[in-house]
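Heads up, coords10.cif below (mmCIF, C-alpha atoms):
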data_work
loop_
_atom_site.label_atom_id
_atom_site.label_comp_id
_atom_site.auth_asym_id
_atom_site.auth_seq_id
_atom_site.Cartn_x
_atom_site.Cartn_y
_atom_site.Cartn_z
CA MET A 887 -189.27 -108.98 37.85
CA THR A 888 -188.75 -108.47 34.14
CA ASN A 889 -185.41 -109.04 32.49
CA GLU A 890 -185.09 -105.30 31.91
CA VAL A 891 -185.40 -104.62 35.62
CA ALA A 892 -183.00 -107.47 36.41
CA LYS A 893 -180.46 -106.04 33.94
CA PHE A 894 -180.81 -102.60 35.49
CA ILE A 895 -179.93 -104.06 38.90
CA LEU A 896 -177.23 -106.44 37.68
CA ASN A 897 -175.49 -103.59 35.88
CA THR A 898 -174.18 -102.50 39.28
CA TYR A 899 -172.91 -105.96 40.25
CA ARG A 900 -169.16 -105.63 40.75
CA PRO A 901 -166.96 -107.76 38.50
CA ASN A 902 -164.97 -109.11 41.47
CA GLY A 903 -168.09 -110.79 42.87
CA ALA A 904 -167.98 -108.73 46.09
CA ASP A 905 -171.75 -108.23 45.91
CA ALA A 906 -172.64 -111.92 45.98
CA GLN A 907 -174.09 -111.65 49.49
CA ASP A 908 -175.93 -108.35 48.93
CA PRO A 909 -179.69 -109.06 49.14
CA THR A 910 -180.40 -106.38 46.50
CA PHE A 911 -179.03 -108.71 43.87
CA ARG A 912 -180.59 -111.94 45.13
CA ALA A 913 -183.77 -111.93 43.05
CA ALA A 914 -182.00 -110.71 39.92
CA LEU A 915 -179.26 -113.35 40.30
CA GLU A 916 -181.85 -116.07 40.79
CA GLN A 917 -183.61 -114.92 37.66
CA ALA A 918 -180.33 -114.92 35.74
CA ALA A 919 -179.74 -118.49 36.91
CA SER A 920 -183.06 -119.64 35.49
CA ASP A 921 -183.39 -117.52 32.34
CA PRO A 922 -180.92 -118.45 29.55
CA ASP A 923 -181.20 -115.09 27.76
CA LEU A 924 -180.57 -113.12 30.92
CA ALA A 925 -177.80 -115.54 31.90
CA ALA A 926 -176.05 -114.99 28.54
CA TRP A 927 -176.38 -111.21 28.89
CA PHE A 928 -175.06 -111.30 32.45
CA LYS A 929 -172.11 -113.49 31.47
CA GLU A 930 -171.20 -111.09 28.68
CA GLU A 931 -171.64 -108.08 30.98
CA ARG A 932 -169.37 -109.58 33.64
CA SER A 933 -166.72 -110.42 31.03
CA PHE A 934 -166.85 -106.83 29.82
CA ASP A 935 -166.66 -105.40 33.35
CA SER A 936 -163.83 -107.73 34.37
CA LEU A 937 -161.88 -106.91 31.26
CA VAL A 938 -162.29 -103.14 31.66
CA ALA A 939 -161.31 -103.35 35.35
CA ALA A 940 -158.30 -105.54 34.49
CA LYS A 941 -157.21 -103.21 31.69
CA LEU A 942 -157.35 -100.23 34.02
CA THR A 943 -155.33 -102.07 36.66
CA GLU A 944 -152.52 -102.35 34.10
CA ILE A 945 -151.89 -98.63 34.59
CA GLN A 946 -149.05 -98.46 37.08
CA ALA A 947 -148.52 -95.69 39.57
CA PRO A 948 -145.10 -94.00 39.31
CA PRO A 949 -142.47 -96.05 41.18
CA ASN A 950 -141.61 -93.26 43.63
CA LEU A 951 -145.19 -92.29 44.45
CA TYR A 952 -145.59 -94.56 47.46
CA SER A 953 -142.42 -93.29 49.14
CA ALA A 954 -143.43 -89.69 48.33
CA ILE A 955 -146.81 -90.27 49.98
CA LEU A 956 -145.20 -91.69 53.12
CA ALA A 957 -142.77 -88.77 53.26
CA GLY A 958 -145.65 -86.32 52.85
CA MET A 959 -147.60 -87.92 55.69
CA GLU A 960 -144.56 -87.75 57.95
CA THR A 961 -144.38 -83.96 57.52
CA ARG A 962 -148.04 -83.32 58.19
CA SER A 963 -148.93 -80.25 60.23
CA PRO A 964 -149.53 -80.95 63.88
CA ILE A 965 -153.17 -80.69 64.93
CA ARG A 966 -153.92 -77.37 66.61
CA ARG A 967 -154.66 -77.56 70.31
CA PHE A 968 -156.88 -75.27 72.32
CA THR A 969 -154.81 -72.82 74.33
CA ILE A 970 -157.72 -71.18 76.10
CA GLY A 971 -158.61 -72.07 79.63
CA PRO A 972 -161.09 -74.83 80.51
CA ILE A 973 -163.98 -72.44 81.27
CA LEU A 974 -163.53 -70.63 77.99
CA ALA A 975 -163.34 -73.97 76.20
CA LEU A 976 -166.57 -75.10 77.84
CA ALA A 977 -168.31 -71.88 76.79
CA ALA A 978 -167.09 -72.41 73.24
CA VAL A 979 -168.44 -75.96 73.26
CA VAL A 980 -171.86 -74.74 74.40
CA VAL A 981 -172.01 -72.06 71.71
CA LEU A 982 -170.74 -74.40 69.02
CA SER A 983 -173.18 -77.11 70.06
CA GLY A 984 -175.99 -74.62 69.65
CA ILE A 985 -174.74 -73.59 66.23
CA ILE A 986 -174.37 -77.19 65.09
CA LEU A 987 -177.39 -78.77 66.75
CA LEU A 988 -179.91 -76.06 65.96
CA PRO A 989 -179.70 -76.49 62.17
CA MET A 990 -179.73 -80.28 62.64
CA TYR A 991 -182.84 -80.00 64.76
CA MET A 992 -184.42 -77.65 62.23
CA GLU A 993 -183.54 -80.03 59.40
CA HIS A 994 -185.01 -82.97 61.28
CA GLN A 995 -188.20 -81.00 61.87
CA SER A 996 -188.34 -80.03 58.22
CA ARG A 997 -187.89 -83.64 57.10
CA THR A 998 -190.64 -84.80 59.44
CA ALA A 999 -192.88 -82.14 57.91
CA LEU A 1000 -191.81 -83.31 54.46
CA ILE A 1001 -192.95 -86.89 55.02
CA SER A 1002 -196.29 -85.66 56.24
CA GLN A 1003 -196.64 -83.47 53.12
CA TYR A 1004 -195.72 -86.43 50.94
CA GLN A 1005 -198.30 -88.63 52.63
CA LYS A 1006 -200.98 -85.97 52.34
CA ALA A 1007 -200.23 -85.32 48.66
CA ASN A 1008 -200.56 -89.01 47.82
CA LEU A 1009 -203.79 -89.45 49.76
CA THR A 1010 -205.29 -86.30 48.21
CA MET A 1011 -204.46 -87.65 44.78
CA LEU A 1012 -206.06 -91.01 45.56
CA SER A 1013 -209.16 -89.34 46.97
CA SER A 1014 -209.60 -87.10 43.93
CA PRO A 1015 -212.79 -87.85 41.95
CA THR A 1016 -210.82 -87.88 38.69
CA TRP A 1017 -208.43 -90.52 39.99
CA PRO A 1018 -207.07 -92.89 38.83
CA GLN A 1019 -205.33 -91.50 35.76
CA LEU A 1020 -202.88 -94.31 35.22
CA ASP A 1021 -200.18 -94.18 32.56
CA LEU A 1022 -200.45 -97.88 31.89
CA VAL A 1023 -203.46 -100.10 32.52
CA THR A 1024 -202.52 -103.75 32.80
CA THR A 1025 -203.13 -106.74 35.03
CA ASP A 1026 -199.53 -107.90 34.55
CA PHE A 1027 -197.25 -106.76 37.38
CA SER A 1028 -194.08 -107.32 35.37
CA ARG A 1029 -195.33 -104.99 32.64
CA THR A 1030 -195.92 -102.21 35.17
CA GLN A 1031 -192.34 -102.50 36.46
CA GLU A 1032 -191.00 -102.71 32.92
CA TYR A 1033 -192.83 -99.49 32.10
CA LEU A 1034 -191.56 -97.77 35.27
CA ALA A 1035 -187.99 -98.89 34.58
CA HIS A 1036 -188.35 -97.54 31.05
CA MET A 1037 -189.54 -94.21 32.47
CA LYS A 1038 -186.56 -94.28 34.89
CA ALA A 1039 -189.08 -94.15 37.73
CA PRO A 1040 -188.54 -96.06 40.99
CA CYS A 1041 -189.64 -99.70 40.78
CA ILE A 1042 -190.89 -101.88 43.65
CA PRO A 1043 -187.90 -103.79 45.02
CA HIS A 1044 -188.46 -107.37 46.23
CA LEU A 1045 -192.23 -107.59 46.23
CA PRO A 1046 -193.58 -109.95 48.90
CA GLY A 1047 -194.60 -113.28 47.35
CA ALA A 1048 -198.27 -112.98 48.32
CA LEU A 1049 -198.58 -109.61 46.60
CA LEU A 1050 -197.06 -111.03 43.44
CA ASP A 1051 -200.09 -113.28 43.02
CA LEU A 1052 -202.42 -110.29 42.82
CA PRO A 1053 -203.38 -108.77 39.49
CA THR A 1054 -202.42 -105.15 38.98
CA VAL A 1055 -204.71 -102.41 37.74
CA GLY A 1056 -201.89 -100.35 36.33
CA CYS A 1057 -199.17 -97.89 37.18
CA LYS A 1058 -198.08 -94.31 36.89
CA ALA A 1059 -194.78 -92.39 36.98
CA PHE A 1060 -194.90 -88.82 38.22
CA TYR A 1061 -193.14 -86.16 40.24
CA TRP A 1062 -193.59 -84.74 43.73
CA ASN A 1063 -191.38 -81.92 44.97
CA ASN A 1064 -189.04 -82.43 42.01
CA ARG A 1065 -188.56 -86.08 42.98
CA GLN A 1066 -189.69 -88.85 40.71
CA LEU A 1067 -191.94 -91.49 42.16
CA SER A 1068 -194.17 -94.27 40.98
CA LEU A 1069 -197.55 -95.70 41.82
CA THR A 1070 -198.54 -99.31 41.20
CA CYS A 1071 -202.11 -100.38 41.94
CA PHE A 1072 -203.13 -103.95 42.80
CA ARG A 1073 -206.64 -105.42 42.95
CA LEU A 1074 -207.35 -107.38 46.12
CA PRO A 1075 -209.71 -110.41 45.98
CA SER A 1076 -212.47 -108.32 47.62
CA GLY A 1077 -212.27 -105.88 44.71
CA ASP A 1078 -210.67 -103.14 46.80
CA LEU A 1079 -207.45 -101.60 45.57
CA LEU A 1080 -204.05 -101.64 47.19
CA HIS A 1081 -201.80 -98.76 46.09
CA VAL A 1082 -198.02 -98.83 46.39
CA PHE A 1083 -196.10 -95.55 46.04
CA VAL A 1084 -192.34 -95.84 45.62
CA ILE A 1085 -189.85 -93.00 46.02
CA ASP A 1086 -186.12 -92.90 46.58
CA GLU A 1087 -185.46 -93.18 50.32
CA TYR A 1088 -182.83 -90.45 50.05
CA THR A 1089 -185.61 -87.84 49.97
CA PHE A 1090 -186.45 -88.69 53.57
CA ARG A 1091 -183.03 -89.72 54.83
CA SER A 1092 -182.49 -89.60 58.61
CA THR A 1093 -186.23 -89.34 59.20
CA ASN A 1094 -187.83 -91.68 61.67
CA ILE A 1095 -190.75 -93.32 59.93
CA GLU A 1096 -193.05 -95.77 61.67
CA ASP A 1097 -193.44 -98.97 59.70
CA THR A 1098 -196.82 -100.00 61.08
CA PHE A 1099 -200.28 -99.47 59.59
CA ARG A 1100 -202.04 -96.29 60.61
CA GLU A 1101 -205.47 -94.94 59.74
CA MET A 1102 -205.63 -91.59 57.90
CA ASP A 1103 -208.73 -90.04 56.39
CA GLY A 1104 -210.31 -93.47 55.96
CA TRP A 1105 -207.18 -94.98 54.41
CA HIS A 1106 -204.90 -97.62 55.92
CA VAL A 1107 -201.36 -96.35 55.41
CA LYS A 1108 -198.03 -98.01 56.00
CA PHE A 1109 -194.46 -96.97 55.14
CA GLU A 1110 -191.63 -99.39 54.62
CA ARG A 1111 -187.98 -98.80 53.72
CA ARG A 1112 -186.63 -101.39 51.35
CA ASP A 1113 -183.39 -101.46 49.35
CA GLY A 1114 -182.95 -97.73 49.17
CA MET A 1115 -186.61 -97.08 48.40
CA LEU A 1116 -189.43 -95.84 50.58
CA LEU A 1117 -192.65 -97.75 49.92
CA MET A 1118 -196.03 -96.35 50.95
CA PHE A 1119 -198.87 -98.88 51.01
CA VAL A 1120 -202.36 -97.38 50.91
CA SER A 1121 -205.73 -99.12 50.86
CA ARG A 1122 -209.33 -98.80 52.02
CA ALA A 1123 -209.72 -102.59 52.22
CA PRO A 1124 -210.30 -104.23 55.62
CA MET A 1125 -207.09 -104.49 57.64
CA ALA A 1126 -207.34 -108.29 57.85
CA GLU A 1127 -207.29 -108.58 54.06
CA ILE A 1128 -204.43 -106.09 53.61
CA LYS A 1129 -202.29 -107.92 56.15
CA GLU A 1130 -202.52 -111.09 54.09
CA TYR A 1131 -200.52 -109.33 51.39
CA VAL A 1132 -198.35 -106.68 53.07
CA MET B 850 -155.21 -96.31 62.04
CA ASN B 851 -152.07 -97.62 60.34
CA LEU B 852 -151.55 -94.91 57.73
CA GLU B 853 -148.71 -96.68 56.01
CA ALA B 854 -150.81 -99.79 55.51
CA VAL B 855 -153.73 -97.71 54.21
CA ALA B 856 -151.44 -95.91 51.76
CA GLY B 857 -149.95 -99.19 50.58
CA ARG B 858 -153.36 -100.66 50.00
CA PHE B 859 -155.05 -97.80 48.17
CA TYR B 860 -152.44 -95.54 46.56
CA ALA B 861 -152.37 -97.34 43.20
CA SER B 862 -156.14 -97.37 42.68
CA LEU B 863 -156.36 -93.75 43.89
CA TYR B 864 -153.65 -92.77 41.42
CA ARG B 865 -155.61 -94.39 38.57
CA PHE B 866 -158.76 -92.56 39.63
CA ALA B 867 -156.77 -89.30 39.80
CA LEU B 868 -155.36 -89.98 36.35
CA SER B 869 -158.85 -90.47 34.93
CA LEU B 870 -159.86 -87.11 36.42
CA THR B 871 -156.78 -85.04 35.56
CA LYS B 872 -155.63 -86.87 32.40
CA ASN B 873 -152.13 -85.86 33.48
CA GLU B 874 -149.64 -88.16 35.23
CA VAL B 875 -147.89 -85.43 37.24
CA GLU B 876 -151.16 -83.89 38.42
CA ALA B 877 -152.51 -87.34 39.25
CA GLY B 878 -149.44 -88.06 41.41
CA ASP B 879 -149.78 -84.71 43.19
CA LEU B 880 -153.48 -85.22 43.79
CA THR B 881 -152.87 -88.68 45.24
CA GLN B 882 -150.17 -87.34 47.56
CA GLN B 883 -152.39 -84.45 48.63
CA THR B 884 -155.20 -86.87 49.48
CA PHE B 885 -152.97 -88.92 51.78
CA PHE B 886 -151.59 -85.74 53.29
CA ILE B 887 -155.15 -84.72 54.22
CA LEU B 888 -155.76 -88.21 55.58
CA ALA B 889 -152.70 -87.89 57.82
CA GLN B 890 -154.01 -84.58 59.13
CA ARG B 891 -157.53 -85.78 59.74
CA SER B 892 -157.12 -89.46 60.47
CA HIS B 893 -158.28 -88.86 64.05
CA GLN B 894 -161.65 -87.75 62.66
CA ILE B 895 -162.28 -91.04 60.87
CA ARG B 896 -163.90 -93.28 63.42
CA ASP B 897 -165.09 -96.05 61.14
CA THR B 898 -161.93 -97.39 59.48
CA SER B 899 -164.00 -99.60 57.19
CA LYS B 900 -165.04 -96.41 55.40
CA VAL B 901 -161.54 -95.16 54.77
CA LYS B 902 -161.61 -96.27 51.12
CA CYS B 903 -164.80 -94.33 50.47
CA TRP B 904 -163.34 -91.34 52.35
CA LEU B 905 -160.15 -91.38 50.25
CA PHE B 906 -161.96 -91.46 46.90
CA THR B 907 -164.43 -88.80 48.00
CA THR B 908 -161.63 -86.56 49.28
CA LEU B 909 -159.57 -86.99 46.13
CA ARG B 910 -162.53 -86.03 43.97
CA ARG B 911 -163.28 -83.01 46.16
CA GLU B 912 -159.65 -81.91 46.02
CA PHE B 913 -159.72 -82.27 42.26
CA LEU B 914 -162.85 -80.12 41.99
CA ARG B 915 -161.39 -77.57 44.41
CA THR B 916 -158.18 -77.17 42.45
CA LEU B 917 -159.93 -77.09 39.11
CA ARG B 918 -159.11 -73.47 38.28
CA VAL B 919 -158.85 -73.12 34.55
CA GLN B 920 -161.75 -74.60 32.67
CA SER B 921 -159.80 -74.70 29.41
CA ASN B 922 -157.39 -77.23 30.91
CA HIS B 923 -160.30 -79.58 31.35
CA PRO B 924 -162.43 -79.24 28.24
CA HIS B 925 -165.98 -80.42 28.46
CA VAL B 926 -166.28 -83.51 26.30
CA GLU B 927 -169.64 -83.88 24.70
CA PHE B 928 -170.94 -87.30 24.09
CA ARG B 929 -171.19 -88.09 20.40
CA PRO B 930 -174.81 -88.90 19.58
CA GLU B 931 -173.89 -91.10 16.62
CA ILE B 932 -172.32 -93.59 18.98
CA HIS B 933 -174.99 -93.37 21.61
CA ASP B 934 -176.51 -96.79 21.01
CA ALA B 935 -174.31 -99.41 22.58
CA PRO B 936 -173.40 -102.00 19.99
CA SER B 937 -172.42 -105.51 20.99
CA LEU B 938 -168.75 -105.45 21.77
CA SER B 939 -166.40 -108.30 21.04
CA VAL B 940 -164.51 -109.21 24.20
CA ASP B 941 -161.55 -110.38 22.08
CA ALA B 942 -161.39 -107.03 20.31
CA LEU B 943 -161.56 -105.27 23.64
CA ARG B 944 -158.76 -107.45 24.97
CA ALA B 945 -156.56 -106.14 22.18
CA LEU B 946 -156.91 -102.54 23.35
CA ASP B 947 -154.27 -101.07 25.62
CA ALA B 948 -154.98 -99.70 29.10
CA LYS B 949 -154.47 -96.10 27.98
CA THR B 950 -157.19 -96.38 25.34
CA VAL B 951 -159.62 -97.82 27.90
CA LEU B 952 -158.80 -95.01 30.33
CA GLU B 953 -159.31 -92.42 27.58
CA ALA B 954 -162.65 -94.00 26.71
CA LEU B 955 -163.63 -93.65 30.34
CA THR B 956 -162.88 -89.94 30.26
CA GLN B 957 -165.14 -89.46 27.23
CA ILE B 958 -168.28 -90.60 29.02
CA GLU B 959 -170.80 -87.80 29.53
CA PRO B 960 -169.84 -85.97 32.77
CA THR B 961 -173.17 -86.77 34.45
CA TYR B 962 -172.51 -90.51 34.29
CA ARG B 963 -168.72 -90.52 34.25
CA THR B 964 -167.79 -90.37 37.94
CA ALA B 965 -170.10 -93.22 38.90
CA VAL B 966 -168.54 -95.41 36.18
CA GLU B 967 -165.00 -94.38 37.16
CA LEU B 968 -165.64 -95.25 40.80
CA PHE B 969 -167.23 -98.56 39.75
CA TYR B 970 -164.19 -99.68 37.75
CA LEU B 971 -161.32 -97.88 39.45
CA SER B 972 -162.22 -98.06 43.11
CA GLU B 973 -164.27 -101.27 43.11
CA MET B 974 -166.80 -99.44 45.26
CA SER B 975 -170.25 -100.93 45.67
CA TYR B 976 -173.27 -98.99 44.39
CA LYS B 977 -174.04 -98.04 48.01
CA GLU B 978 -170.53 -96.65 48.57
CA ILE B 979 -170.74 -94.73 45.28
CA ALA B 980 -174.06 -93.25 46.40
CA GLU B 981 -172.47 -92.21 49.69
CA SER B 982 -169.40 -90.76 48.01
CA LEU B 983 -171.33 -88.75 45.43
CA GLU B 984 -174.16 -87.95 47.85
CA ILE B 985 -176.82 -89.13 45.45
CA PRO B 986 -179.62 -91.70 45.83
CA ILE B 987 -178.93 -95.38 45.14
CA GLY B 988 -181.47 -95.40 42.30
CA THR B 989 -179.57 -92.58 40.63
CA VAL B 990 -176.31 -94.52 40.92
CA MET B 991 -177.94 -97.52 39.23
CA SER B 992 -179.30 -95.32 36.49
CA ARG B 993 -175.98 -93.51 35.95
CA LEU B 994 -174.04 -96.77 35.86
CA SER B 995 -176.47 -98.23 33.36
CA ARG B 996 -176.28 -95.23 31.01
CA GLY B 997 -172.57 -94.66 31.60
CA LYS B 998 -171.63 -98.25 30.79
CA GLU B 999 -173.77 -98.08 27.66
CA GLN B 1000 -171.76 -95.04 26.58
CA LEU B 1001 -168.45 -96.67 27.48
CA LYS B 1002 -169.30 -99.64 25.24
CA ALA B 1003 -170.18 -97.32 22.38
CA ILE B 1004 -166.97 -95.32 22.78
CA LEU B 1005 -164.83 -98.46 23.00
CA SER B 1006 -166.59 -99.92 20.00
CA ALA B 1007 -165.81 -96.76 18.02
CA ALA B 1008 -162.17 -96.95 19.18
CA ILE B 1009 -161.94 -100.57 18.03
CA SER B 1010 -163.41 -99.67 14.61
CA GLU B 1011 -160.97 -96.79 14.27
CA ILE B 1012 -157.99 -98.99 15.07
CA SER B 1013 -159.22 -101.75 12.73
CA ALA B 1014 -159.54 -99.24 9.87
CA LYS B 1015 -155.90 -98.24 10.30
CA ILE B 1016 -154.63 -101.79 9.97
CA ILE B 1017 -153.25 -102.33 6.46
CA PRO B 1018 -152.58 -105.96 5.58
CA LEU B 1019 -149.02 -106.64 4.37
CA ARG B 1020 -150.42 -108.52 1.40
CA THR B 1021 -153.84 -109.68 0.37
CA ASP B 1022 -154.88 -113.30 -0.05
CA GLU B 1023 -154.92 -112.75 -3.82
CA GLN B 1024 -151.30 -111.57 -3.79
CA ALA B 1025 -150.35 -114.47 -1.62
CA ALA B 1026 -151.90 -116.92 -4.08
CA ARG B 1027 -149.75 -115.54 -6.88
#

Take the structure I supplied and represent it as structure tokens, if you would.
Amino acid sequence: MTNEVAKFILNTYRPNGADAQDPTFRAALEQAASDPDLAAWFKEERSFDSLVAAKLTEIQAPPNLYSAILAGMETRSPIRRFTIGPILALAAVVVLSGIILLPMYMEHQSRTALISQYQKANLTMLSSPTWPQLDLVTTDFSRTQEYLAHMKAPCIPHLPGALLDLPTVGCKAFYWNNRQLSLTCFRLPSGDLLHVFVIDEYTFRSTNIEDTFREMDGWHVKFERRDGMLLMFVSRAPMAEIKEYV
Amino acid sequence: MNLEAVAGRFYASLYRFALSLTKNEVEAGDLTQQTFFILAQRSHQIRDTSKVKCWLFTTLRREFLRTLRVQSNHPHVEFRPEIHDAPSLSVDALRALDAKTVLEALTQIEPTYRTAVELFYLSEMSYKEIAESLEIPIGTVMSRLSRGKEQLKAILSAAISEISAKIIPLRTDEQAAR
């Protein structure tokens, strides 16, 4: 992880230290503990955040507000009760369930279709004869993530240690369905490539995604949700080799 | 749910958040009261009490947007490009500013980034809670906080410079030597 990426993550670290146990910050905090420049930046950032939060806390609510709130809650409207008979109520429940559940079912179906479109789009791109058209060609993983962070594209969160030892081929930031995503390519010892697509998990929220390797059009494909991101690992390398790294 | 305890715990921070949105003490008080009134009506719908803080801030913001009738009462504040680059900010100088100036600086952040920063400082919400409240992806929250805080520093830095320029020394060192 580069210092730029660490700063990007640590920017959201709350000044009261409430995020100390959040795994999202672990790697960045460890880096801040070992890098003096990052440590100095983080110290300054926390001082700034604490001071701003403290300054804002100095603003007092009007003295009578609390009692006014309690009085307001006392006079709340009673919740309306059904006055129709039990059979009518049951019929209403059935109709309402249909109205509510049908769109939910449709949405779920549409999200499932979306993930399959996403997968297909990525594999088509990888299979294209003109591929790869990478934005940045480098063997240095940290440079790829620095570039992606600069492009405001999703970075790979918490890369497994084994994968970190691999050289990269390069990376690319691009869009699919108006969502920004990134691609980072690694070179495996056999010479085969391992591609990692990263997109914000929100795009596929509430979608059940299997996190095991599957075979698709000659590619080994695996999805993994990690820290708010959806990672898609793709490779043509033998499964045994891929599993050493993913 | 013990509504009185919830009100006691969150009313002050909600009021500050309302004040940053409305920029008006009376409206902020009304908005805070209205939020708790809605809570009292719908408290039976909130099953996970650990999320009540997030619910309150989200509801207050929604109520604010709903009651936002006259655009001219809430002028759009454009971010000044000349102060876009965040300079290094002296913590001592910042300490000298009053709370009102800091709150005003918060309201000058570009609207896209502003709410995430307000929730970060005023509600002490985590980035995940902010994402949930604003219904945006976590990555977007991180990005908005990063840019928003950069802007806040630039605005505060400009405020500090402005205040420093207004300070007129009673007498110069030269006069004192005489």

For chain A, the nearest of the candidates B:Ser1013, B:Ser862, B:Thr964, B:Thr898, counting only C-alpha atoms: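 Of B:Ser1013, B:Ser862, B:Thr964, B:Thr898, the one nearest chain A is B:Ser862, counting only C-alpha atoms.
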
Using Å and a single decimal, report how far atom CA of Gln946 of chain A sits from atom CA of Phe885 of chain B. 18.0 Å

Thr898 of chain A environment, 7 Å, all atoms listed in the file, sequence neighbours closer than 5 positions dropped, as a list in words: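 Selected residues are Tyr976, Met991 and Leu994 of chain B.
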
Using all atoms listed in the file, select each residue of chain A with any atom at most 9 Å away from an atom of chain B, and give the selection as a PyMOL selection string. chain A and resi 893-895+897-902+904-905+930+933-948+951-952+954-956+958-965+1038-1040+1086-1089+1113-1115

Could you tell me how far atom CA of Arg915 of chain B lies from atom CA of Arg1091 of chain A, in Å and to one decimal? 26.9 Å

Interatomic distance between atom CA of Ser982 of chain B and atom CA of Ser1068 of chain A?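 Interatomic distance, atom CA of Ser982 of chain B to atom CA of Ser1068 of chain A: 26.0 Å.
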
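If you measure from each of A:Leu1069, A:Arg912, A:Met1102, A:Leu1045 to Tyr1033 of chain A using all atoms listed in the file, the closest one turns out to be A:Leu1069.
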
May I ask which of the residues B:Ala942, B:Ala1003, B:Ile1012, B:Ala965 is the closest one to Thr907 of chain B, counting all atoms listed in the file?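 Going through B:Ala942, B:Ala1003, B:Ile1012, B:Ala965 one by one, the smallest distance to Thr907 of chain B is for B:Ala965.
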
So what does the PyMOL selection byres ((chain A and resi 924) around 10) actually pick up in this one, as a list of chain:residue names?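 Those residues are A:Thr888, A:Asn889, A:Glu890, A:Ala892, A:Lys893, A:Ala914, A:Leu915, A:Gln917, A:Ala918, A:Ala919, A:Ser920, A:Asp921, A:Pro922, A:Asp923, A:Ala925, A:Ala926, A:Trp927, A:Phe928, A:Lys929, A:Glu930.
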
When you count only C-alpha atoms, which of these residues is closest to Leu909 of chain B: B:Arg858, B:Leu968, B:Asn873, B:Glu959?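 Using only C-alpha atoms, the shortest distance to Leu909 of chain B belongs to B:Leu968.
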
Using all atoms listed in the file, the shortest atom-to-atom distance to Phe1072 of chain A among A:Gln1005, A:Thr1093, A:Leu976, A:Tyr1131 belongs to A:Tyr1131

Residues matched by the PyMOL selection byres ((chain A and resi 1051) around 10), written as a VMD selection string: chain A and resid 1027 1046 to 1050 1052 to 1054 1072 1074 1131

Tell me which residues the PyMOL selection byres ((chain A and resi 1099) around 12) grabs here, as a list in words.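 With the PyMOL selection byres ((chain A and resi 1099) around 12) on this model, the match is Ile1095, Glu1096, Asp1097, Thr1098, Arg1100, Glu1101, Met1102, Trp1105, His1106, Val1107, Lys1108, Phe1109, Glu1110, Met1118, Phe1119, Val1120, Ser1121, Arg1122, Pro1124, Met1125, Ala1126, Ile1128, Lys1129 and Val1132 of chain A.
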
Can you patch up segment 1033-1045 of chain A, filling it in to N, CA and C atoms, and show the result as a JSON list (two decimals), in the coordinates of the input?
[["chain", "number", "residue", "atom", "x", "y", "z"],
["A", 1033, "TYR", "N", -192.49, -100.86, 32.52],
["A", 1033, "TYR", "CA", -192.83, -99.49, 32.10],
["A", 1033, "TYR", "C", -192.13, -98.47, 33.01],
["A", 1034, "LEU", "N", -192.18, -98.72, 34.33],
["A", 1034, "LEU", "CA", -191.56, -97.77, 35.27],
["A", 1034, "LEU", "C", -190.05, -97.70, 35.07],
["A", 1035, "ALA", "N", -189.44, -98.86, 34.83],
["A", 1035, "ALA", "CA", -187.99, -98.89, 34.58],
["A", 1035, "ALA", "C", -187.69, -98.10, 33.30],
["A", 1036, "HIS", "N", -188.53, -98.27, 32.31],
["A", 1036, "HIS", "CA", -188.35, -97.54, 31.05],
["A", 1036, "HIS", "C", -188.45, -96.03, 31.27],
["A", 1037, "MET", "N", -189.34, -95.64, 32.17],
["A", 1037, "MET", "CA", -189.54, -94.21, 32.47],
["A", 1037, "MET", "C", -188.51, -93.71, 33.49],
["A", 1038, "LYS", "N", -187.58, -94.60, 33.88],
["A", 1038, "LYS", "CA", -186.56, -94.28, 34.89],
["A", 1038, "LYS", "C", -187.21, -93.88, 36.22],
["A", 1039, "ALA", "N", -188.37, -94.42, 36.47],
["A", 1039, "ALA", "CA", -189.08, -94.15, 37.73],
["A", 1039, "ALA", "C", -188.75, -95.27, 38.71],
["A", 1040, "PRO", "N", -188.88, -95.01, 40.02],
["A", 1040, "PRO", "CA", -188.54, -96.06, 40.99],
["A", 1040, "PRO", "C", -189.46, -97.28, 40.86],
["A", 1041, "CYS", "N", -188.86, -98.46, 40.86],
["A", 1041, "CYS", "CA", -189.64, -99.70, 40.78],
["A", 1041, "CYS", "C", -189.80, -100.27, 42.19],
["A", 1042, "ILE", "N", -190.69, -101.25, 42.33],
["A", 1042, "ILE", "CA", -190.89, -101.88, 43.65],
["A", 1042, "ILE", "C", -189.80, -102.94, 43.82],
["A", 1043, "PRO", "N", -188.93, -102.77, 44.83],
["A", 1043, "PRO", "CA", -187.90, -103.79, 45.02],
["A", 1043, "PRO", "C", -188.43, -104.95, 45.87],
["A", 1044, "HIS", "N", -188.11, -106.16, 45.47],
["A", 1044, "HIS", "CA", -188.46, -107.37, 46.23],
["A", 1044, "HIS", "C", -189.90, -107.37, 46.73],
["A", 1045, "LEU", "N", -190.82, -107.56, 45.84],
["A", 1045, "LEU", "CA", -192.23, -107.59, 46.23],
["A", 1045, "LEU", "C", -192.51, -108.86, 47.04]]
